[in-house]
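Encoded as structure tokens, the structure appears first; notes follow it.
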Amino acid sequence: MSPIAYLTRTVEFTAAHRLFRPDWSAERNAHAFGAAATSHSHVYRCAVTLAGVVDPATGAAADLGAFDRILAEEVVARFDGRDINRDLAEYAPGRTLPTGEALCLDIWTRVAARLPAGSRLACVRVQEDASLYAEYRGEV
């Protein structure tokens, strides 16, 4: 049986978002989402963990260069400097709310589709601030 190791890379991006439903009144949005019902920004920290068999030749469970390129393209380039509601169609008003949980699912899907053979995702964490983060571990 080959040993499995976990490798986590954390990247940062700054983005704005607003949690609101256009079909709800301002009062209902404020009640449901509090201060997040108005546009605000975060310096997000996104930690993505891969699981893989340790290659005896390299001592590594994943190709770190490939992993870094995927995160740069699918996370940082996609979100950094953006207003998520305005700039990303799937988070436009009336579509998916840009919660930490929704961002985790989105990032999972995009990163998983690009991983090289032998690597698999174990966890995606999106942290909005020191006291709030969401995680997704592939469970349905």
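By order in the structure tokens, chains are A, B, ...; within a chain, residues start at 1; ligands start at 1, following the order shown.
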Segment 112-121 of chain A environment, 7 Å, only C-alpha atoms, sequence neighbours closer than 3 positions dropped, as a VMD selection string: chain A and resid 49 to 52 62 108 to 109
How would the residues just picked look written out with N, CA and C atoms as a PDB file, in the first residue's frame?
ATOM      1  N   THR A  49      -6.214  21.838  -0.747  1.00  0.00           N
ATOM      2  CA  THR A  49      -5.440  20.665  -0.326  1.00  0.00           C
ATOM      3  C   THR A  49      -5.605  19.535  -1.327  1.00  0.00           C
ATOM      4  N   LEU A  50      -4.470  19.006  -1.765  1.00  0.00           N
ATOM      5  CA  LEU A  50      -4.438  17.843  -2.647  1.00  0.00           C
ATOM      6  C   LEU A  50      -4.026  16.619  -1.854  1.00  0.00           C
ATOM      7  N   ALA A  51      -4.478  15.469  -2.289  1.00  0.00           N
ATOM      8  CA  ALA A  51      -4.041  14.190  -1.729  1.00  0.00           C
ATOM      9  C   ALA A  51      -3.420  13.399  -2.869  1.00  0.00           C
ATOM     10  N   GLY A  52      -2.312  12.755  -2.578  1.00  0.00           N
ATOM     11  CA  GLY A  52      -1.675  11.957  -3.612  1.00  0.00           C
ATOM     12  C   GLY A  52      -0.689  10.971  -3.031  1.00  0.00           C
ATOM     13  N   ALA A  62       2.546  15.639  -5.328  1.00  0.00           N
ATOM     14  CA  ALA A  62       1.950  16.373  -6.452  1.00  0.00           C
ATOM     15  C   ALA A  62       3.025  17.216  -7.120  1.00  0.00           C
ATOM     16  N   TRP A 108     -13.574  24.299  -6.227  1.00  0.00           N
ATOM     17  CA  TRP A 108     -13.399  22.850  -6.281  1.00  0.00           C
ATOM     18  C   TRP A 108     -13.600  22.343  -7.713  1.00  0.00           C
ATOM     19  N   THR A 109     -14.711  22.733  -8.315  1.00  0.00           N
ATOM     20  CA  THR A 109     -15.042  22.259  -9.660  1.00  0.00           C
ATOM     21  C   THR A 109     -13.972  22.652 -10.664  1.00  0.00           C
TER      22      THR A 109
END
Pick out the residues sitting within 10 Å of Tyr133 of chain A, and hand them over as number ranges by chain; count only C-alpha atoms, and ignore anything fewer than 6 positions along from it in its own chain. A: 44-46, 99-101, 104, 125-127
Can you tell me, as a list of chain:residue names, which residues in segment 25-67 of chain A count as alpha helix (DSSP H) by DSSP? A:Ala26, A:Glu27, A:Arg28, A:Asn29, A:Ala30, A:His31, A:Ala32, A:Phe33, A:Leu64, A:Gly65, A:Ala66, A:Phe67
Residues within 12 Å of Val11 of chain A, please, as a list in words. Count only C-alpha atoms; anything in the same chain fewer than 4 positions from it doesn't count. Val43, Tyr44, Arg45, Cys46, Ala47, Val48, Thr49, Phe67, Asp68, Arg69, Ile70, Leu71, Ala72, Glu73, Glu74, Val75, Val76, Ala77, Phe79, Asp80, Val124, Arg125, Val126 and Gln127 of chain A
Based on the selection just made, write C-alpha atoms of those residues as a short mmCIF file (atom, residue, chain, number, x, y, z; two decimals), in the first residue's frame.
data_model
loop_
_atom_site.label_atom_id
_atom_site.label_comp_id
_atom_site.auth_asym_id
_atom_site.auth_seq_id
_atom_site.Cartn_x
_atom_site.Cartn_y
_atom_site.Cartn_z
CA VAL A 43 -8.82 39.87 1.46
CA TYR A 44 -9.71 36.24 0.94
CA ARG A 45 -7.35 33.41 1.80
CA CYS A 46 -8.04 30.27 -0.21
CA ALA A 47 -6.37 27.04 0.90
CA VAL A 48 -6.56 24.11 -1.50
CA THR A 49 -5.44 20.67 -0.33
CA PHE A 67 -0.61 23.06 -8.78
CA ASP A 68 0.57 26.68 -8.46
CA ARG A 69 -0.31 27.43 -12.10
CA ILE A 70 -3.81 26.01 -11.65
CA LEU A 71 -4.41 28.11 -8.52
CA ALA A 72 -3.02 31.24 -10.17
CA GLU A 73 -5.40 30.84 -13.11
CA GLU A 74 -8.53 29.38 -11.50
CA VAL A 75 -8.49 31.29 -8.22
CA VAL A 76 -6.30 34.39 -8.20
CA ALA A 77 -6.80 35.54 -11.81
CA PHE A 79 -11.31 36.63 -8.42
CA ASP A 80 -8.56 39.13 -7.57
CA VAL A 124 -11.00 23.75 -0.49
CA ARG A 125 -11.17 26.45 2.18
CA VAL A 126 -12.22 30.03 1.51
CA GLN A 127 -11.55 32.37 4.42
#
Running DSSP on the backbone, which parts of segment 3-137 of chain A land in strand (DSSP E), as a ChimeraX atom specification? /A:4-17,40-53,82-83,119-129,132-136
Could you check which of A:Ala15, A:Ala134, A:Leu97, A:Leu105 is closest to His42 of chain A, using only C-alpha atoms?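 Result for the nearest residue to His42 of chain A: A:Ala15.
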In Å, rounded to a single decimal, give me how far atom CA of Arg9 of chain A is from atom CA of Asp83 of chain A. 23.9 Å
Do you have the atom CA of Pro3 of chain A-atom CA of Val53 of chain A distance handy? 5.7 Å
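Atom pair atom CA of Ala61 of chain A / atom CA of Cys123 of chain A has a distance of 15.1 Å (rounded to one decimal).
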When you look at Ser41 of chain A with a cut-off of 7 Å (counting only C-alpha atoms), what residues show up, excluding the ones that are within fewer than 5 positions of it in the same chain? I need them as a ChimeraX atom specification. /A:14-17
Given the choices A:Ala122, A:Asp23, A:Arg137, A:Ala37, which gets closest to Tyr6 of chain A if the distance is worked out from only C-alpha atoms? A:Ala122
List as a list of chain:residue names the protein and nucleic acid residues near Ala30 of chain A, meaning an atom at most 12 Å away when only C-alpha atoms are counted, but skip any in the same chain fewer than 3 places from it.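 So the residues in contact are A:Arg18, A:Leu19, A:Phe20, A:Arg21, A:Trp24, A:Ser25, A:Ala26, A:Glu27, A:Phe33, A:Gly34, A:Ala35, A:Ala36, A:Ala37, A:Thr38, A:Ser39.
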